[in-house]
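S.K.: So here's input05.cif (mmCIF, C-alpha atoms).
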data_structure
#
loop_
_atom_site.label_atom_id
_atom_site.label_comp_id
_atom_site.auth_asym_id
_atom_site.auth_seq_id
_atom_site.Cartn_x
_atom_site.Cartn_y
_atom_site.Cartn_z
CA MET A 98 -0.10 1.30 69.43
CA ARG A 99 -0.96 0.17 65.91
CA ARG A 100 0.94 -3.14 66.38
CA LEU A 101 -0.78 -3.67 69.70
CA LEU A 102 -4.20 -3.18 68.08
CA VAL A 103 -3.34 -5.62 65.24
CA ALA A 104 -1.97 -8.16 67.74
CA PHE A 105 -5.21 -7.86 69.75
CA LEU A 106 -7.61 -8.04 66.78
CA LEU A 107 -5.86 -10.77 64.76
CA PRO A 108 -6.77 -13.69 67.07
CA SER A 109 -10.39 -12.47 67.14
CA LEU A 110 -10.54 -12.25 63.33
CA LEU A 111 -8.97 -15.70 62.94
CA LEU A 112 -11.46 -17.14 65.42
CA ALA A 113 -14.36 -15.49 63.55
CA CYS A 114 -13.12 -16.87 60.21
CA ALA A 115 -12.66 -20.35 61.67
CA THR A 116 -16.15 -20.22 63.15
CA GLN A 117 -17.70 -19.21 59.80
CA ARG A 118 -16.03 -22.14 58.02
CA GLY A 119 -17.61 -24.72 60.32
CA PRO A 120 -21.12 -26.13 59.97
CA LEU A 121 -23.97 -23.74 60.63
CA PRO A 122 -27.26 -24.43 62.42
CA VAL A 123 -29.71 -26.01 59.99
CA PRO A 124 -32.18 -23.51 58.43
CA GLU A 125 -35.88 -24.17 59.07
CA GLY A 126 -36.63 -24.72 55.37
CA LEU A 127 -34.00 -27.45 55.14
CA LEU A 128 -35.55 -29.33 58.07
CA GLN A 129 -38.62 -29.86 55.91
CA GLU A 130 -36.52 -31.83 53.40
CA ASP A 131 -36.08 -34.72 55.81
CA PRO A 132 -39.56 -36.20 55.34
CA PHE A 133 -40.73 -39.62 56.44
CA ASP A 134 -42.14 -40.04 52.94
CA ALA A 135 -41.01 -38.37 49.75
CA ARG A 136 -42.70 -35.00 49.36
CA TYR A 137 -42.47 -32.45 46.65
CA LYS A 138 -42.76 -28.68 46.79
CA VAL A 139 -41.78 -25.87 44.47
CA HIS A 140 -40.99 -22.47 45.90
CA CYS A 141 -40.60 -19.49 43.54
CA ASP A 142 -39.15 -16.17 44.63
CA THR A 143 -38.42 -13.03 42.66
CA VAL A 144 -35.42 -11.15 43.98
CA SER A 145 -33.50 -8.41 42.14
CA GLY A 146 -35.23 -9.09 38.83
CA LYS A 147 -34.66 -12.87 38.96
CA THR A 148 -37.27 -15.58 39.31
CA VAL A 149 -35.84 -18.59 41.11
CA CYS A 150 -37.94 -21.75 41.42
CA VAL A 151 -36.71 -24.64 43.57
CA MET A 152 -38.03 -28.21 43.71
CA THR A 153 -37.50 -29.53 47.24
CA GLY A 154 -38.20 -32.72 49.16
CA ASN A 155 -37.81 -35.21 46.30
CA ALA A 156 -36.36 -38.04 48.43
CA LEU A 157 -34.86 -40.98 46.51
CA ARG A 158 -35.15 -44.67 47.34
CA PRO A 159 -34.40 -46.86 49.12
CA PHE A 160 -35.87 -45.31 52.27
CA SER A 161 -34.78 -48.16 54.51
CA PRO A 162 -32.56 -47.55 56.30
CA ARG A 163 -33.78 -43.98 56.49
CA TYR A 164 -30.27 -42.52 56.67
CA PRO A 165 -28.32 -41.53 54.76
CA LEU A 166 -31.15 -39.76 52.93
CA LEU A 167 -30.70 -38.10 49.54
CA THR A 168 -33.05 -35.79 47.69
CA LEU A 169 -32.60 -34.63 44.11
CA GLY A 170 -34.37 -31.44 43.07
CA VAL A 171 -34.16 -28.84 40.35
CA VAL A 172 -33.53 -25.09 40.46
CA SER A 173 -34.52 -22.80 37.59
CA GLU A 174 -33.22 -19.24 37.51
CA THR A 175 -34.57 -16.69 35.04
CA ASP A 176 -33.80 -12.99 34.76
CA LYS A 177 -34.97 -10.23 32.43
CA GLU A 178 -31.83 -10.28 30.28
CA GLY A 179 -30.52 -13.80 29.85
CA ALA A 180 -31.55 -17.33 29.11
CA PRO A 181 -32.77 -19.47 31.99
CA ARG A 182 -30.20 -21.46 33.93
CA TYR A 183 -30.86 -24.82 35.58
CA PHE A 184 -29.22 -26.75 38.39
CA LEU A 185 -29.69 -30.14 39.96
CA ARG A 186 -29.81 -29.70 43.74
CA THR A 187 -28.79 -32.49 46.10
CA VAL A 188 -29.63 -32.54 49.80
CA PHE A 189 -27.83 -35.15 51.89
CA VAL A 190 -29.06 -35.92 55.43
CA ASN A 191 -27.32 -38.34 57.78
CA GLU A 192 -26.77 -39.13 61.43
CA GLY A 193 -23.24 -38.59 62.71
CA ARG A 194 -21.25 -38.86 59.47
CA TRP A 195 -20.58 -36.16 56.87
CA LEU A 196 -20.45 -36.99 53.17
CA ASN A 197 -18.27 -33.91 52.45
CA ILE A 198 -19.40 -33.48 48.85
CA GLY A 199 -16.32 -32.22 47.04
CA ARG A 200 -15.80 -29.71 44.25
CA GLY A 201 -15.77 -31.21 40.77
CA SER A 202 -17.54 -34.16 39.15
CA SER A 203 -19.15 -35.59 42.27
CA LEU A 204 -22.68 -36.24 40.90
CA ARG A 205 -23.36 -39.05 38.42
CA ILE A 206 -26.79 -39.58 36.87
CA VAL A 207 -27.51 -42.83 34.99
CA ILE A 208 -30.51 -42.36 32.67
CA ASP A 209 -31.74 -45.61 31.09
CA GLY A 210 -28.19 -46.99 31.24
CA GLU A 211 -26.47 -43.82 29.93
CA SER A 212 -24.14 -42.20 32.47
CA THR A 213 -23.56 -38.44 32.85
CA GLU A 214 -21.21 -36.73 35.33
CA LEU A 215 -22.03 -33.26 36.61
CA ARG A 216 -19.65 -30.75 38.14
CA GLY A 217 -20.38 -28.47 41.06
CA ALA A 218 -18.78 -26.43 43.83
CA GLY A 219 -19.51 -29.09 46.47
CA SER A 220 -21.13 -28.61 49.85
CA LYS A 221 -18.32 -26.79 51.68
CA GLY A 222 -20.33 -23.58 52.19
CA SER A 223 -23.64 -25.42 52.76
CA ARG A 224 -23.12 -27.83 55.66
CA TYR A 225 -25.44 -27.68 58.64
CA THR A 226 -25.93 -29.42 61.95
CA GLY A 227 -29.33 -30.22 63.46
CA LYS A 228 -30.77 -32.00 66.50
CA ASP A 229 -29.90 -35.59 67.39
CA HIS A 230 -26.55 -35.46 65.54
CA LYS A 231 -28.22 -34.94 62.16
CA LEU A 232 -25.99 -33.50 59.45
CA TYR A 233 -27.17 -31.73 56.29
CA GLU A 234 -25.26 -30.92 53.09
CA VAL A 235 -26.57 -29.08 50.03
CA ALA A 236 -24.80 -28.98 46.65
CA LEU A 237 -25.76 -27.51 43.25
CA PHE A 238 -24.72 -28.86 39.86
CA GLY A 239 -25.24 -26.92 36.62
CA ALA A 240 -27.46 -28.91 34.24
CA PRO A 241 -28.81 -28.19 30.75
CA ALA A 242 -32.58 -28.25 30.22
CA ASP A 243 -32.35 -31.25 27.90
CA LEU A 244 -30.73 -33.36 30.65
CA ILE A 245 -33.56 -32.51 33.06
CA GLN A 246 -36.06 -33.39 30.31
CA LYS A 247 -34.28 -36.74 29.75
CA ILE A 248 -34.58 -37.50 33.47
CA ALA A 249 -38.30 -36.69 33.32
CA LYS A 250 -38.84 -39.08 30.38
CA ALA A 251 -36.62 -41.92 31.64
CA ARG A 252 -37.73 -45.42 32.59
CA ALA A 253 -34.85 -45.84 35.07
CA VAL A 254 -32.70 -43.22 36.82
CA GLY A 255 -29.82 -43.93 39.18
CA VAL A 256 -28.05 -41.23 41.22
CA SER A 257 -24.54 -41.48 42.71
CA LEU A 258 -23.09 -38.77 44.92
CA GLN A 259 -19.38 -38.93 45.78
CA GLY A 260 -17.75 -37.49 48.87
CA ASP A 261 -15.88 -39.27 51.65
CA PHE A 262 -17.94 -42.28 50.57
CA LEU A 263 -20.19 -43.12 47.62
CA LEU A 264 -23.96 -42.77 48.12
CA GLU A 265 -26.17 -44.47 45.53
CA LYS A 266 -29.94 -44.05 45.22
CA SER A 267 -32.55 -44.44 42.50
CA PHE A 268 -35.81 -42.98 41.24
CA GLY A 269 -39.19 -44.48 41.93
CA ASN A 270 -42.29 -43.64 39.92
CA VAL A 271 -43.07 -40.67 42.17
CA ASN A 272 -39.63 -39.11 41.59
CA THR A 273 -40.08 -39.35 37.82
CA LEU A 274 -43.54 -37.79 38.11
CA TYR A 275 -42.09 -34.86 40.10
CA PHE A 276 -39.47 -34.22 37.41
CA ARG A 277 -42.16 -34.34 34.71
CA GLN A 278 -44.25 -31.79 36.60
CA PHE A 279 -41.26 -29.49 37.02
CA VAL A 280 -40.39 -29.73 33.30
CA GLN A 281 -43.97 -28.93 32.29
CA HIS A 282 -44.32 -25.93 34.60
CA TYR A 283 -40.82 -24.44 34.79
CA ILE A 284 -38.91 -25.46 31.65
CA GLU A 285 -41.51 -25.82 28.90
CA ARG A 286 -43.26 -22.73 30.29
CA THR A 287 -40.37 -20.65 31.61
CA PRO A 288 -41.50 -18.35 34.45
CA THR A 289 -40.91 -14.66 33.81
CA PRO A 290 -39.69 -12.24 36.46
CA GLU A 291 -42.22 -9.87 37.95
CA LYS A 292 -41.77 -6.23 36.98
#
Go ahead and render the structure in this file as structure tokens.

M.R.:
Amino acid sequence: MRRLLVAFLLPSLLLACATQRGPLPVPEGLLQEDPFDARYKVHCDTVSGKTVCVMTGNALRPFSPRYPLLTLGVVSETDKEGAPRYFLRTVFVNEGRWLNIGRGSSLRIVIDGESTELRGAGSKGSRYTGKDHKLYEVALFGAPADLIQKIAKARAVGVSLQGDFLLEKSFGNVNTLYFRQFVQHYIERTPTPEK
């Protein structure tokens, strides 16, 4: 009886695991990061004693062709006990072709000619499918505050994201302004968790 039950449940469990590994439907909030023009928003939430602030919608140029689109944002995470942690957050949007951002040093930032590679877990757990064959991938890369401040002060910033192919974009004046605003509000004045 026990073997029969295992034999019956195993295919269902394998199917469930295989289904969870595939792309998920795109969350509503992520749809707002595919703007016609670059937009910038910061959302802060306090959950379990942490204050997490996320810069979203900072689309990089060129915008023509529109896809593949790449945004580069910042995440700050502060809790009651430890020092703040920061991440650069990439959102890739394309039609019909995945980038498949891999684990490791897949993000390169060139700040006024000086190149820095950042490591992350890749987009494997954050791949989504939307309407009209649109594909979305999100990846986080740990970044020190001084790197984010350098980006905010730079004259020229280039961004390269490696996956199945190399995607290269660059900052315009608006992108630099958004980073400056984030640094002023969320790094120089670190938000504190609500009690």

S.K.: Restricting the calculation to only C-alpha atoms, which member of A:Gly146, A:Pro162, A:Gly255, A:Gly239 is positioned closest to Asp176 of chain A?

M.R.: A:Gly146

S.K.: Between atom CA of Ala242 of chain A and atom CA of Gly217 of chain A, what distance in Å does the model show, to one decimal?

M.R.: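 Calculated distance between atom CA of Ala242 of chain A and atom CA of Gly217 of chain A is 16.3 Å.
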
S.K.: Determine the residue set returned by the PyMOL selection byres ((chain A and resi 238) around 7) for the present structure, and present it as a list in words.

M.R.: Phe184, Leu185, Arg186, Leu215, Arg216, Gly217, Ala236, Leu237, Gly239 and Ala240 of chain A

S.K.: So what do you get for atom CA of Asp261 of chain A versus atom CA of Trp195 of chain A, distance-wise?

M.R.: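 Atom CA of Trp195 of chain A lies 7.7 Å from atom CA of Asp261 of chain A.
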
S.K.: Excluding Phe279 of chain A and its own-chain neighbours fewer than 4 positions away, which residues fall within 10 Å of it when counting all atoms listed in the file? Please give them as a list in words.

M.R.: Lys138, Val139, Cys150, Val151, Met152, Gly170, Val171, Val172, Ser173, Ile245, Gln246, Ala249, Thr273, Leu274, Tyr275, Tyr283, Ile284, Glu285 and Arg286 of chain A

S.K.: Which residues fall under the PyMOL selection byres ((chain A and resi 208) around 12) in this file, as a list in words?

M.R.: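 Going through the file, the PyMOL selection byres ((chain A and resi 208) around 12) ends up selecting Arg205, Ile206, Val207, Asp209, Gly210, Glu211, Ser212, Thr213, Glu214, Leu244, Ile245, Gln246, Lys247, Ile248, Ala249, Lys250, Ala251, Arg252, Ala253, Val254, Gly255, Val256, Ser257, Ser267, Phe268 and Thr273 of chain A.
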
S.K.: Need to verify the contact set: Pro159 of chain A, 10 Å, all atoms listed in the file, exclusion of same-chain residues closer than 3 positions in sequence. Can you return it as a VMD selection string?

M.R.: chain A and resid 156 162 to 167 265 to 269

S.K.: List the residues matched by the PyMOL selection byres ((chain A and resi 226) around 8) in the displayed structure as a ChimeraX atom specification, ordered by chain and then by residue number.

M.R.: /A:120-123,224-225,227-228,230-233

S.K.: Atom CA of Thr153 of chain A and atom CA of Ile198 of chain A, how far apart in Å?

M.R.: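 Atom CA of Thr153 of chain A lies 18.6 Å from atom CA of Ile198 of chain A.
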
S.K.: Box in all listed atoms of segment 189-195 of chain A, axis-aligned, with 4 Å more on each side; write out centre and edge lengths in Å to one decimal as JSON.

M.R.:
{"center_x": -24.8, "center_y": -37.1, "center_z": 57.3, "size_x": 16.5, "size_y": 12.0, "size_z": 18.8}

S.K.: Using only C-alpha atoms, pick whichever of A:Asp142, A:Glu125, A:Glu192, A:Glu130 has the shortest atom-to-atom distance to Leu169 of chain A.

M.R.: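 Among the listed residues, A:Glu130 lies closest to Leu169 of chain A.
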
S.K.: List as a PyMOL selection string the protein and nucleic acid residues near Val188 of chain A, meaning an atom at most 6 Å away when only C-alpha atoms are counted, but skip any in the same chain fewer than 2 places from it.

M.R.: chain A and resi 167-168+234-235

S.K.: Write to file, as an mmCIF file, in the coordinates of the input, the residues of the selection just made, with C-alpha atoms.

M.R.:
data_model
loop_
_atom_site.group_PDB
_atom_site.id
_atom_site.type_symbol
_atom_site.label_atom_id
_atom_site.label_comp_id
_atom_site.auth_asym_id
_atom_site.auth_seq_id
_atom_site.Cartn_x
_atom_site.Cartn_y
_atom_site.Cartn_z
ATOM 1 C CA LEU A 167 -30.700 -38.100 49.540
ATOM 2 C CA THR A 168 -33.050 -35.790 47.690
ATOM 3 C CA GLU A 234 -25.260 -30.920 53.090
ATOM 4 C CA VAL A 235 -26.570 -29.080 50.030
#

S.K.: Please determine, counting only C-alpha atoms, which residue among A:Thr187, A:Thr148, A:His282, A:Gly260 has the shortest atom-to-atom distance to Gly201 of chain A.

M.R.: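 For Gly201 of chain A, the nearest of the candidates is A:Gly260.
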